[in-house]
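J.: Following this line is input17.txt, made up of compact mmCIF, C-alpha atoms:
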```txt
# COMPACT_ATOMS: atom_id res chain seq x y z
CA MET A 1 -3.50 15.81 8.21
CA SER A 2 -1.54 14.38 11.12
CA ILE A 3 0.21 11.03 11.39
CA LEU A 4 1.62 10.20 14.83
CA GLY A 5 1.55 13.89 15.68
CA ASN A 6 3.48 14.95 12.57
CA GLU A 7 1.93 17.27 10.01
CA VAL A 8 1.73 15.62 6.60
CA LYS A 9 0.76 17.79 3.66
CA ARG A 10 -1.59 16.32 1.09
CA VAL A 11 0.06 16.33 -2.32
CA GLU A 12 -2.81 15.18 -4.51
CA ASP A 13 -5.36 17.91 -3.78
CA PRO A 14 -4.34 20.56 -6.37
CA ARG A 15 -4.86 18.35 -9.41
CA PHE A 16 -8.19 17.06 -8.11
CA LEU A 17 -9.43 20.56 -7.29
CA THR A 18 -8.34 21.96 -10.66
CA GLY A 19 -9.78 19.17 -12.80
CA GLU A 20 -6.41 17.67 -13.71
CA ALA A 21 -7.01 14.20 -12.27
CA THR A 22 -7.27 11.30 -14.72
CA PHE A 23 -10.01 8.76 -14.16
CA VAL A 24 -10.73 5.75 -16.37
CA GLY A 25 -13.43 7.69 -18.19
CA ASP A 26 -10.85 10.32 -19.11
CA VAL A 27 -8.31 7.96 -20.67
CA ALA A 28 -9.55 8.08 -24.25
CA LEU A 29 -10.82 11.66 -24.01
CA ARG A 30 -7.52 13.10 -22.83
CA GLY A 31 -5.27 11.02 -25.02
CA ALA A 32 -3.52 9.23 -22.18
CA ASP A 33 -2.46 6.73 -24.82
CA PRO A 34 -1.85 8.51 -28.17
CA ASP A 35 -2.15 5.22 -30.06
CA LEU A 36 -5.54 4.39 -28.55
CA PRO A 37 -8.39 4.86 -31.05
CA PRO A 38 -11.71 6.19 -29.77
CA PRO A 39 -13.37 3.36 -27.89
CA ALA A 40 -16.72 1.82 -28.58
CA HIS A 41 -19.14 1.81 -25.66
CA ALA A 42 -20.71 -1.11 -23.83
CA VAL A 43 -24.11 -0.87 -22.14
CA PHE A 44 -25.66 -3.79 -20.30
CA ALA A 45 -29.31 -4.78 -20.48
CA ARG A 46 -30.36 -5.72 -16.97
CA SER A 47 -33.08 -7.74 -15.35
CA SER A 48 -36.19 -5.94 -14.18
CA MET A 49 -37.13 -9.03 -12.17
CA ALA A 50 -35.79 -9.99 -8.76
CA HIS A 51 -36.28 -13.70 -9.45
CA ALA A 52 -37.35 -15.38 -12.66
CA ARG A 53 -36.51 -18.08 -15.14
CA VAL A 54 -35.17 -16.72 -18.40
CA LEU A 55 -37.11 -18.35 -21.22
CA SER A 56 -35.52 -16.37 -24.04
CA ILE A 57 -33.62 -13.16 -24.76
CA GLU A 58 -34.49 -11.35 -28.00
CA THR A 59 -31.65 -9.22 -29.38
CA GLY A 60 -32.59 -8.82 -33.05
CA ASP A 61 -33.90 -5.26 -32.79
CA ALA A 62 -30.83 -4.20 -30.85
CA GLN A 63 -28.55 -5.79 -33.44
CA ALA A 64 -30.19 -3.71 -36.17
CA ALA A 65 -30.04 -0.41 -34.25
CA PRO A 66 -27.86 2.45 -35.54
CA GLY A 67 -24.20 2.34 -34.60
CA VAL A 68 -24.36 -1.12 -33.00
CA LEU A 69 -21.22 -3.21 -33.43
CA GLY A 70 -22.39 -6.27 -31.54
CA VAL A 71 -24.88 -7.66 -29.05
CA PHE A 72 -23.84 -10.48 -26.74
CA THR A 73 -25.46 -12.84 -24.24
CA MET A 74 -23.73 -15.52 -22.20
CA ALA A 75 -24.43 -17.96 -25.05
CA ASP A 76 -22.05 -15.93 -27.22
CA LEU A 77 -19.13 -15.85 -24.78
CA ASP A 78 -16.73 -18.52 -23.58
CA VAL A 79 -16.13 -17.43 -19.99
CA ALA A 80 -15.50 -19.04 -16.61
CA LEU A 81 -17.34 -18.51 -13.35
CA VAL A 82 -16.63 -15.34 -11.39
CA PRO A 83 -13.96 -16.13 -8.74
CA THR A 84 -14.88 -15.82 -5.06
CA TRP A 85 -12.86 -14.93 -1.95
CA GLY A 86 -12.60 -18.57 -0.99
CA PRO A 87 -14.39 -21.92 -1.19
CA VAL A 88 -18.17 -21.67 -1.55
CA PRO A 89 -20.76 -24.40 -2.10
CA PRO A 90 -20.73 -25.64 -5.71
CA GLY A 91 -23.68 -24.35 -7.68
CA THR A 92 -23.94 -21.00 -5.89
CA GLU A 93 -21.27 -19.22 -7.94
CA ARG A 94 -21.95 -16.38 -10.33
CA THR A 95 -21.62 -16.04 -14.08
CA ALA A 96 -20.76 -12.66 -15.61
CA MET A 97 -24.26 -12.40 -17.03
CA ALA A 98 -27.38 -14.38 -16.22
CA THR A 99 -28.16 -17.54 -18.17
CA ASP A 100 -31.24 -19.58 -17.29
CA LYS A 101 -32.27 -17.56 -14.26
CA VAL A 102 -32.08 -14.00 -12.91
CA ARG A 103 -31.70 -13.60 -9.17
CA PHE A 104 -31.72 -9.85 -8.51
CA VAL A 105 -32.96 -6.65 -10.08
CA GLY A 106 -30.13 -5.20 -12.15
CA GLU A 107 -28.42 -8.50 -12.98
CA PRO A 108 -27.02 -8.20 -16.51
CA ILE A 109 -28.60 -10.42 -19.16
CA ALA A 110 -26.98 -9.03 -22.33
CA VAL A 111 -24.57 -6.33 -23.48
CA VAL A 112 -24.59 -3.98 -26.45
CA VAL A 113 -21.42 -2.54 -27.98
CA ALA A 114 -21.97 0.54 -30.14
CA GLU A 115 -20.01 3.43 -31.59
CA THR A 116 -21.36 5.89 -29.02
CA ALA A 117 -22.68 5.58 -25.49
CA HIS A 118 -26.08 6.96 -26.51
CA GLN A 119 -26.42 4.46 -29.34
CA ALA A 120 -25.50 1.61 -27.00
CA ALA A 121 -28.01 2.78 -24.38
CA ASP A 122 -30.79 3.13 -26.98
CA ALA A 123 -30.08 -0.33 -28.37
CA ALA A 124 -29.99 -1.91 -24.92
CA GLU A 125 -33.55 -0.66 -24.42
CA LEU A 126 -34.58 -2.80 -27.42
CA ILE A 127 -33.46 -6.06 -25.82
CA TRP A 128 -36.44 -8.03 -24.64
CA ALA A 129 -36.42 -10.99 -22.26
CA ASP A 130 -39.24 -13.46 -21.76
CA TYR A 131 -39.39 -14.27 -18.05
CA ASP A 132 -41.24 -16.82 -16.00
CA PRO A 133 -41.56 -14.88 -12.70
CA LEU A 134 -40.70 -16.65 -9.46
CA PRO A 135 -41.34 -15.61 -5.85
CA ALA A 136 -38.57 -13.38 -4.53
CA VAL A 137 -37.15 -13.31 -1.03
CA THR A 138 -35.22 -10.25 0.13
CA GLU A 139 -35.01 -10.72 3.91
CA PRO A 140 -32.53 -13.28 5.29
CA LEU A 141 -34.77 -14.42 8.14
CA GLU A 142 -37.40 -15.42 5.60
CA ALA A 143 -34.83 -16.76 3.15
CA ALA A 144 -33.37 -19.04 5.83
CA GLU A 145 -36.71 -20.88 5.98
CA ASP A 146 -36.10 -22.11 2.40
CA GLY A 147 -39.64 -21.40 1.22
CA THR A 148 -38.21 -19.89 -1.97
CA LEU A 149 -34.92 -21.30 -3.22
CA LEU A 150 -32.47 -19.27 -5.28
CA PHE A 151 -30.62 -22.41 -6.43
CA ASP A 152 -32.95 -25.40 -6.66
CA GLU A 153 -30.06 -27.83 -7.10
CA PHE A 154 -28.37 -26.58 -3.92
CA GLY A 155 -31.50 -27.29 -1.90
CA THR A 156 -31.23 -24.46 0.63
CA ASN A 157 -30.58 -20.73 0.86
CA VAL A 158 -28.28 -21.20 3.84
CA VAL A 159 -24.74 -21.06 2.47
CA SER A 160 -22.99 -21.56 5.78
CA SER A 161 -24.13 -22.16 9.35
CA ARG A 162 -21.54 -22.46 12.05
CA GLY A 163 -21.86 -22.48 15.80
CA TYR A 164 -18.36 -21.09 16.19
CA ASP A 165 -18.75 -21.27 19.97
CA LYS A 166 -20.93 -23.12 22.45
CA ALA A 167 -24.04 -21.23 23.54
CA LEU A 168 -23.64 -19.55 26.91
CA ASP A 169 -25.62 -20.18 30.10
CA PHE A 170 -26.82 -16.89 31.56
CA GLY A 171 -28.50 -18.53 34.56
CA GLY A 172 -26.02 -17.16 37.11
CA CYS A 173 -26.18 -13.54 35.96
CA ASP A 174 -27.86 -10.84 38.08
CA VAL A 175 -28.64 -8.74 35.01
CA VAL A 176 -29.44 -10.12 31.55
CA VAL A 177 -30.52 -8.22 28.46
CA THR A 178 -31.30 -9.52 24.99
CA ALA A 179 -32.37 -7.67 21.87
CA PRO A 180 -32.65 -8.03 18.10
CA ILE A 181 -30.54 -5.56 16.13
CA VAL A 182 -30.64 -4.92 12.39
CA ASN A 183 -27.46 -3.62 10.79
CA ASN A 184 -29.13 -2.55 7.57
CA ARG A 185 -27.89 -2.78 4.01
CA MET A 186 -25.89 0.15 2.73
CA SER A 187 -24.30 1.06 -0.56
CA ALA A 188 -20.75 2.34 -0.96
CA ALA A 189 -21.99 4.80 -3.63
CA PRO A 190 -18.58 6.06 -4.78
CA ILE A 191 -18.60 9.38 -6.64
CA GLU A 192 -17.16 7.51 -9.63
CA PRO A 193 -19.13 4.31 -10.32
CA ARG A 194 -17.44 1.29 -11.86
CA VAL A 195 -15.61 2.11 -15.09
CA ALA A 196 -13.31 0.04 -17.31
CA LEU A 197 -11.66 0.18 -20.73
CA ALA A 198 -10.21 -2.75 -22.68
CA ALA A 199 -7.82 -2.35 -25.62
CA TRP A 200 -5.92 -5.00 -27.60
CA SER A 201 -2.58 -4.66 -29.38
CA GLY A 202 -1.93 -7.98 -31.05
CA ASP A 203 -2.16 -10.58 -28.30
CA GLN A 204 -1.47 -8.02 -25.55
CA LEU A 205 -4.40 -6.64 -23.58
CA THR A 206 -4.35 -3.35 -21.70
CA MET A 207 -7.14 -2.73 -19.20
CA TRP A 208 -7.83 0.56 -17.47
CA SER A 209 -9.88 -0.16 -14.36
CA SER A 210 -11.23 1.79 -11.42
CA THR A 211 -10.20 -0.82 -8.88
CA GLN A 212 -8.14 -1.04 -5.72
CA GLY A 213 -5.69 -3.67 -6.92
CA ALA A 214 -4.18 -3.92 -10.39
CA HIS A 215 -2.72 -7.40 -9.92
CA ALA A 216 -5.84 -8.89 -8.38
CA ALA A 217 -7.88 -7.37 -11.20
CA ARG A 218 -5.51 -8.84 -13.80
CA ASP A 219 -5.80 -12.32 -12.32
CA GLN A 220 -9.59 -12.23 -12.07
CA ILE A 221 -10.02 -10.86 -15.60
CA ALA A 222 -7.70 -13.59 -16.89
CA THR A 223 -9.71 -16.26 -15.06
CA VAL A 224 -13.15 -15.15 -16.23
CA ALA A 225 -12.15 -14.35 -19.82
CA LYS A 226 -9.86 -17.43 -20.04
CA LEU A 227 -6.81 -15.38 -20.99
CA ASP A 228 -3.12 -15.63 -20.15
CA ALA A 229 -2.48 -13.27 -17.23
CA GLY A 230 1.01 -12.68 -18.58
CA ASN A 231 -0.49 -10.96 -21.61
CA ILE A 232 -2.63 -8.56 -19.55
CA ARG A 233 -1.58 -5.17 -18.25
CA VAL A 234 -3.98 -3.45 -15.85
CA ILE A 235 -3.60 0.29 -15.31
CA VAL A 236 -5.33 1.90 -12.33
CA PRO A 237 -5.45 5.69 -12.69
CA ASP A 238 -7.14 7.92 -10.12
CA ILE A 239 -10.08 6.28 -8.37
CA GLY A 240 -13.16 8.33 -7.58
CA GLY A 241 -14.01 6.47 -4.40
CA SER A 242 -14.29 2.81 -3.46
CA PHE A 243 -14.24 2.16 0.31
CA GLY A 244 -13.61 -1.53 -0.42
CA ALA A 245 -16.43 -2.00 -2.91
CA LYS A 246 -13.95 -1.87 -5.82
CA GLY A 247 -11.64 -4.38 -4.20
CA GLY A 248 -11.91 -6.49 -7.34
CA PRO A 249 -13.11 -5.98 -10.89
CA ALA A 250 -16.82 -6.12 -11.63
CA PRO A 251 -18.10 -9.20 -13.50
CA GLU A 252 -19.13 -6.82 -16.28
CA GLU A 253 -15.59 -5.56 -16.84
CA CYS A 254 -14.17 -9.07 -16.88
CA ILE A 255 -15.84 -9.73 -20.24
CA LEU A 256 -14.83 -6.41 -21.84
CA PRO A 257 -11.67 -7.98 -23.37
CA LEU A 258 -13.82 -10.50 -25.24
CA LEU A 259 -16.12 -7.75 -26.47
CA ALA A 260 -13.17 -5.65 -27.64
CA LYS A 261 -11.66 -8.65 -29.42
CA SER A 262 -14.96 -9.45 -31.12
CA VAL A 263 -15.72 -5.94 -32.44
CA GLY A 264 -12.10 -5.15 -33.23
CA THR A 265 -11.81 -1.89 -31.31
CA PRO A 266 -11.29 -0.79 -27.67
CA VAL A 267 -14.43 -1.00 -25.57
CA GLN A 268 -15.30 1.18 -22.59
CA TRP A 269 -17.96 0.59 -19.95
CA VAL A 270 -19.13 3.43 -17.72
CA GLU A 271 -21.66 2.42 -15.09
CA THR A 272 -24.58 4.76 -14.45
CA ARG A 273 -25.64 5.76 -10.96
CA THR A 274 -28.81 3.69 -11.29
CA GLU A 275 -26.77 0.63 -12.27
CA ASN A 276 -24.38 1.30 -9.40
CA LEU A 277 -27.14 1.34 -6.81
CA GLN A 278 -28.80 -1.73 -8.30
CA SER A 279 -25.89 -4.03 -8.95
CA MET A 280 -22.57 -2.88 -7.49
CA GLY A 281 -23.51 -4.63 -4.27
CA TRP A 282 -24.38 -3.86 -0.69
CA SER A 283 -22.63 -4.28 2.59
CA ARG A 284 -23.48 -4.79 6.30
CA ALA A 285 -26.92 -6.50 6.09
CA GLN A 286 -26.75 -8.45 9.34
CA TRP A 287 -29.68 -9.49 11.46
CA GLN A 288 -28.23 -9.84 14.96
CA THR A 289 -29.37 -11.03 18.36
CA VAL A 290 -27.32 -9.82 21.32
CA THR A 291 -27.48 -11.27 24.83
CA MET A 292 -25.39 -9.77 27.64
CA GLY A 293 -25.26 -10.70 31.30
CA GLY A 294 -23.35 -9.74 34.40
CA THR A 295 -23.47 -8.64 37.99
CA ALA A 296 -25.56 -5.89 39.57
CA ASP A 297 -22.50 -3.66 40.00
CA GLY A 298 -22.03 -3.47 36.22
CA THR A 299 -19.41 -6.17 35.63
CA ILE A 300 -20.08 -7.89 32.30
CA THR A 301 -19.46 -11.63 32.56
CA HIS A 302 -21.26 -13.05 29.50
CA TYR A 303 -21.82 -11.85 25.93
CA GLN A 304 -23.35 -13.79 23.06
CA LEU A 305 -23.81 -12.57 19.48
CA GLU A 306 -25.92 -14.47 16.97
CA VAL A 307 -25.77 -13.31 13.34
CA ILE A 308 -27.79 -14.10 10.25
CA ALA A 309 -25.95 -12.38 7.40
CA GLU A 310 -27.32 -11.71 3.95
CA VAL A 311 -24.93 -12.58 1.13
CA GLY A 312 -27.12 -11.51 -1.77
CA ALA A 313 -27.92 -13.60 -4.81
CA TYR A 314 -24.55 -15.33 -5.11
CA ALA A 315 -22.03 -16.77 -2.67
CA GLU A 316 -19.33 -14.13 -2.92
CA ALA A 317 -17.68 -11.85 -0.31
CA GLY A 318 -20.72 -11.88 1.95
CA VAL A 319 -20.08 -15.51 2.88
CA PHE A 320 -16.96 -14.49 4.77
CA MET A 321 -18.22 -11.36 6.58
CA PRO A 322 -19.40 -13.16 9.77
CA THR A 323 -15.87 -14.52 10.24
CA PHE A 324 -14.60 -10.94 10.41
CA THR A 325 -17.47 -10.02 12.73
CA ARG A 326 -16.48 -12.78 15.12
CA MET A 327 -12.88 -11.53 15.21
CA MET A 328 -14.04 -8.30 16.88
CA THR A 329 -16.91 -9.70 18.97
CA GLN A 330 -15.21 -8.91 22.29
CA GLY A 331 -14.33 -5.35 21.37
CA VAL A 332 -12.50 -3.35 24.04
CA TYR A 333 -13.90 -5.23 27.03
CA ASP A 334 -12.48 -7.94 29.28
CA ILE A 335 -15.43 -10.32 29.20
CA PRO A 336 -14.65 -13.84 30.44
CA ASN A 337 -17.41 -15.65 28.52
CA ILE A 338 -17.96 -14.96 24.80
CA ALA A 339 -19.94 -16.87 22.20
CA PHE A 340 -20.62 -16.20 18.52
CA MET A 341 -22.96 -18.02 16.13
CA GLY A 342 -23.09 -17.12 12.45
CA LYS A 343 -25.22 -18.03 9.45
CA THR A 344 -25.05 -16.70 5.87
CA VAL A 345 -28.11 -16.72 3.64
CA LEU A 346 -28.83 -16.16 -0.06
CA CYS A 347 -31.42 -13.51 -0.94
CA ASN A 348 -32.74 -11.95 -4.15
CA THR A 349 -30.54 -8.90 -3.76
CA ALA A 350 -27.25 -7.80 -5.31
CA PRO A 351 -24.28 -9.78 -3.95
CA LEU A 352 -22.58 -8.24 -0.93
CA VAL A 353 -19.22 -6.53 -1.26
CA ALA A 354 -16.58 -5.54 1.26
CA PHE A 355 -17.12 -2.02 2.59
CA ARG A 356 -15.48 0.16 5.25
CA GLY A 357 -14.36 -2.44 7.78
CA ALA A 358 -15.96 -5.47 6.11
CA GLY A 359 -17.74 -7.22 8.97
CA ARG A 360 -15.91 -5.59 11.87
CA PRO A 361 -18.07 -2.45 12.34
CA GLU A 362 -21.06 -4.79 12.58
CA ALA A 363 -19.47 -6.34 15.66
CA THR A 364 -18.94 -2.93 17.26
CA ALA A 365 -22.49 -1.80 16.55
CA ALA A 366 -23.92 -4.91 18.21
CA LEU A 367 -21.59 -4.85 21.22
CA GLU A 368 -21.96 -1.16 21.99
CA ARG A 369 -25.74 -1.36 21.76
CA ALA A 370 -25.66 -4.34 24.12
CA VAL A 371 -23.50 -2.43 26.63
CA ASP A 372 -25.98 0.47 26.62
CA LEU A 373 -28.90 -1.90 27.16
CA PHE A 374 -27.03 -3.64 29.98
CA ALA A 375 -26.17 -0.33 31.67
CA ASN A 376 -29.78 0.82 31.42
CA GLU A 377 -31.08 -2.44 32.90
CA ALA A 378 -28.55 -2.22 35.76
CA GLY A 379 -29.44 1.43 36.40
CA LEU A 380 -25.87 2.58 35.80
CA ASP A 381 -24.23 5.28 33.72
CA PRO A 382 -22.97 3.76 30.43
CA VAL A 383 -19.59 5.43 31.03
CA GLU A 384 -19.28 3.66 34.38
CA VAL A 385 -20.07 0.27 32.82
CA ARG A 386 -17.57 0.77 30.02
CA THR A 387 -14.83 1.94 32.33
CA LYS A 388 -15.38 -0.96 34.71
CA ASN A 389 -15.07 -3.53 31.90
CA PHE A 390 -12.28 -2.12 29.73
CA ILE A 391 -9.23 -4.27 29.06
CA ARG A 392 -6.63 -2.63 31.29
CA ALA A 393 -3.63 -0.90 29.80
CA ASP A 394 -1.23 -3.23 31.61
CA ALA A 395 -2.92 -6.34 30.15
CA PHE A 396 -1.46 -5.97 26.65
CA PRO A 397 -0.66 -7.82 24.52
CA PHE A 398 -4.11 -9.29 25.02
CA THR A 399 -5.73 -12.32 23.41
CA THR A 400 -9.52 -12.24 23.26
CA LYS A 401 -11.74 -15.23 23.90
CA VAL A 402 -12.16 -15.71 20.14
CA GLY A 403 -8.39 -15.66 19.56
CA THR A 404 -7.83 -12.14 18.22
CA VAL A 405 -4.59 -10.60 19.50
CA TYR A 406 -4.45 -6.91 20.49
CA ASP A 407 -0.94 -5.50 20.64
CA CYS A 408 -1.53 -2.36 22.71
CA GLY A 409 -4.12 0.09 23.96
CA ASP A 410 -5.33 2.34 26.75
CA TYR A 411 -9.07 2.51 26.28
CA GLU A 412 -9.81 4.18 29.61
CA ALA A 413 -7.44 7.06 28.88
CA ALA A 414 -8.93 7.50 25.40
CA LEU A 415 -12.46 7.65 26.78
CA GLU A 416 -11.45 10.09 29.52
CA GLN A 417 -10.00 12.44 26.90
CA ALA A 418 -13.15 12.23 24.78
CA LEU A 419 -15.42 12.88 27.79
CA ALA A 420 -13.32 15.86 28.86
CA ALA A 421 -13.39 17.34 25.38
CA ALA A 422 -17.19 16.95 25.25
CA ASP A 423 -17.67 18.18 28.86
CA TYR A 424 -19.69 15.07 29.62
CA PRO A 425 -20.97 16.09 33.10
CA THR A 426 -22.42 19.30 31.68
CA LEU A 427 -24.11 17.39 28.86
CA ARG A 428 -25.71 15.00 31.34
CA ALA A 429 -26.89 17.89 33.50
CA GLU A 430 -28.45 19.58 30.47
CA GLN A 431 -30.08 16.31 29.47
CA ARG A 432 -31.67 15.91 32.91
CA ALA A 433 -32.87 19.51 32.93
CA ARG A 434 -34.58 19.17 29.55
CA ARG A 435 -36.30 15.96 30.61
CA GLU A 436 -37.54 17.54 33.83
CA ARG A 437 -38.88 20.54 31.92
CA GLY A 438 -40.47 18.37 29.27
CA ASP A 439 -38.73 20.28 26.48
CA VAL A 440 -39.82 19.64 22.93
CA LYS A 441 -36.15 19.33 21.97
CA GLN A 442 -34.51 16.62 24.03
CA LEU A 443 -30.77 15.94 24.28
CA CYS A 444 -29.52 12.47 23.39
CA ILE A 445 -26.01 11.34 24.25
CA GLY A 446 -24.39 8.42 22.48
CA LEU A 447 -21.22 6.57 23.44
CA SER A 448 -19.19 4.09 21.44
CA CYS A 449 -15.78 2.61 22.20
CA TYR A 450 -14.13 0.34 19.70
CA VAL A 451 -10.91 -1.19 18.49
CA GLU A 452 -10.26 -2.02 14.84
CA ILE A 453 -7.86 -4.14 12.85
CA THR A 454 -5.36 -2.16 10.79
CA ALA A 455 -2.79 -3.10 8.18
```
Render the structure in this file as structure tokens.
T.:
Amino acid sequence: MSILGNEVKRVEDPRFLTGEATFVGDVALRGADPDLPPPAHAVFARSSMAHARVLSIETGDAQAAPGVLGVFTMADLDVALVPTWGPVPPGTERTAMATDKVRFVGEPIAVVVAETAHQAADAAELIWADYDPLPAVTEPLEAAEDGTLLFDEFGTNVVSSRGYDKALDFGGCDVVVTAPIVNNRMSAAPIEPRVALAAWSGDQLTMWSSTQGAHAARDQIATVAKLDAGNIRVIVPDIGGSFGAKGGPAPEECILPLLAKSVGTPVQWVETRTENLQSMGWSRAQWQTVTMGGTADGTITHYQLEVIAEVGAYAEAGVFMPTFTRMMTQGVYDIPNIAFMGKTVLCNTAPLVAFRGAGRPEATAALERAVDLFANEAGLDPVEVRTKNFIRADAFPFTTKVGTVYDCGDYEAALEQALAAADYPTLRAEQRARRERGDVKQLCIGLSCYVEITA
């Protein structure tokens, strides 16, 4: 690995490669805490419905199952709402488990605590919910029409709608292109799903959590479980992947302290892969419309990006993703006229989480596709259009039209190095030859130039 041209040796690899790493699931097994008794295991019963009223939840059979120490619904727990990244409309927040309504497949409705993981899983299968099914909406364009409401009392599925900028007039442009672009949902799918362990010693709580921030996790757990943060210690051992999706604790792990207190023994929750894909959350999920205009010689003068972003079933991190998208709307180009419009919409899908760039890669994907479409319409090489419109190296520091400040850069030099390494002229010649011959195997060449925010 190289940092600023200096070789930096990785120090963590040997213990990962030899099985000596310690993940949350290993804590009790490996005796990381000699005083920690074997934990009980929590397994959540989850909704099989994307949208339904919960008429009742029957837990009697699960309570009587072998090895079960306790079965809990939201009615049994005194917990607060799950905190969000910032202000969201009242009534769209999330509870740790569903109460009167389920809003996505995989939403937890109850939890079983048992002596072993297998006993807990078997008992969770015995929990039965009586649902009144409701129409589900999973596409934000449809959800924005408010035909099916996720929160009746809120009155709309549109959480936020802001015309950040005034719509542009493309009337004076020689070349104008417009296109819809879908930046589809994707899952972080870390190798290690979400895992947590809660253990009490008197009034002191120790939590082992696979999360990116111990202090943020402590504060959120304290808020949801209504505990004193000063009495909580969060330990983050090795993390088996996150990419932003484990930026905060899962709602499920926020109630583990209450479960451990109730059954009188440490409680561990290990998410399955199925649960992870259903309920950890998605990212991206933007329905975009790009419009780009400019002169016949390839100079881009106008660019407008309209975004309808899915936030999932609850107003959490997804509400704020379009703000990050807007920050990078202009990308690496000196475009004099920029406009961004953003709307966030509730859908019957798992709530969105931050993932690998959190809103910024969506801006790059839209902009670079628009540049390619513009170059094609103008009959120009996409390299020529990019080079013509780059922010020049002597223009830094540079403030974009949306107010983002770039400290430095030389985009033309970076592209030239990449083209030389790829032998771009030869690739284009080969591409033309294959097209002329009508080859079964054609050669496609993709270009993308971007700038990203770093710490």
J.: Using only C-alpha atoms, which of A:Arg369, A:Lys343, A:Lys166, A:Lys9 sits nearest Thr291 of chain A?
T.: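 Looking at the shortest contact to Thr291 of chain A, the residue is A:Arg369.
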J.: Can you pull out every residue within 12 Å of Asn376 of chain A, counting all atoms listed in the file, but drop anything in the same chain fewer than 4 positions away, and send it as a PDB file with C-alpha atoms, keeping the file's coordinate frame?
T.:
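Everything below was put into result13.pdb:
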```
ATOM      1  CA  VAL A 175     -28.640  -8.740  35.010  1.00  0.00           C
ATOM      2  CA  VAL A 176     -29.440 -10.120  31.550  1.00  0.00           C
ATOM      3  CA  VAL A 177     -30.520  -8.220  28.460  1.00  0.00           C
ATOM      4  CA  ALA A 296     -25.560  -5.890  39.570  1.00  0.00           C
ATOM      5  CA  GLY A 298     -22.030  -3.470  36.220  1.00  0.00           C
ATOM      6  CA  ARG A 369     -25.740  -1.360  21.760  1.00  0.00           C
ATOM      7  CA  ALA A 370     -25.660  -4.340  24.120  1.00  0.00           C
ATOM      8  CA  VAL A 371     -23.500  -2.430  26.630  1.00  0.00           C
ATOM      9  CA  ASP A 372     -25.980   0.470  26.620  1.00  0.00           C
ATOM     10  CA  LEU A 380     -25.870   2.580  35.800  1.00  0.00           C
ATOM     11  CA  ASP A 381     -24.230   5.280  33.720  1.00  0.00           C
ATOM     12  CA  PRO A 382     -22.970   3.760  30.430  1.00  0.00           C
ATOM     13  CA  VAL A 383     -19.590   5.430  31.030  1.00  0.00           C
ATOM     14  CA  GLU A 384     -19.280   3.660  34.380  1.00  0.00           C
ATOM     15  CA  VAL A 385     -20.070   0.270  32.820  1.00  0.00           C
TER      16      VAL A 385
END
```
J.: Report as a list in words all protein, DNA and RNA residues lying within 8 Å of Val353 of chain A, evaluated on all atoms listed in the file, omitting residues in the same chain fewer than 3 positions from it.
T.: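 Skipping anything fewer than 3 positions along the chain leaves Gly244, Ala245, Met280, Gly281, Trp282, Ser283, Glu316, Ala317 and Gly318 of chain A.
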J.: Would you work out the distance separating atom CA of Ile191 of chain A from atom CA of Thr223 of chain A, expressed in Å to one decimal?
T.: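 One can read the atom CA of Ile191 of chain A to atom CA of Thr223 of chain A distance as 28.4 Å.
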J.: What's the separation between atom CA of Val307 of chain A and atom CA of Thr138 of chain A, in Å to one decimal place?
T.: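 According to the coordinates, atom CA of Val307 of chain A and atom CA of Thr138 of chain A are separated by 16.5 Å.
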J.: What lies within 12 Å of Asn276 of chain A using only C-alpha atoms, ignoring chain neighbours under 4 positions off, as an MDAnalysis selection string?
T.: chainID A and resid 46 105:107 187:195 242 245:246 250 252 270:272 280:282 350
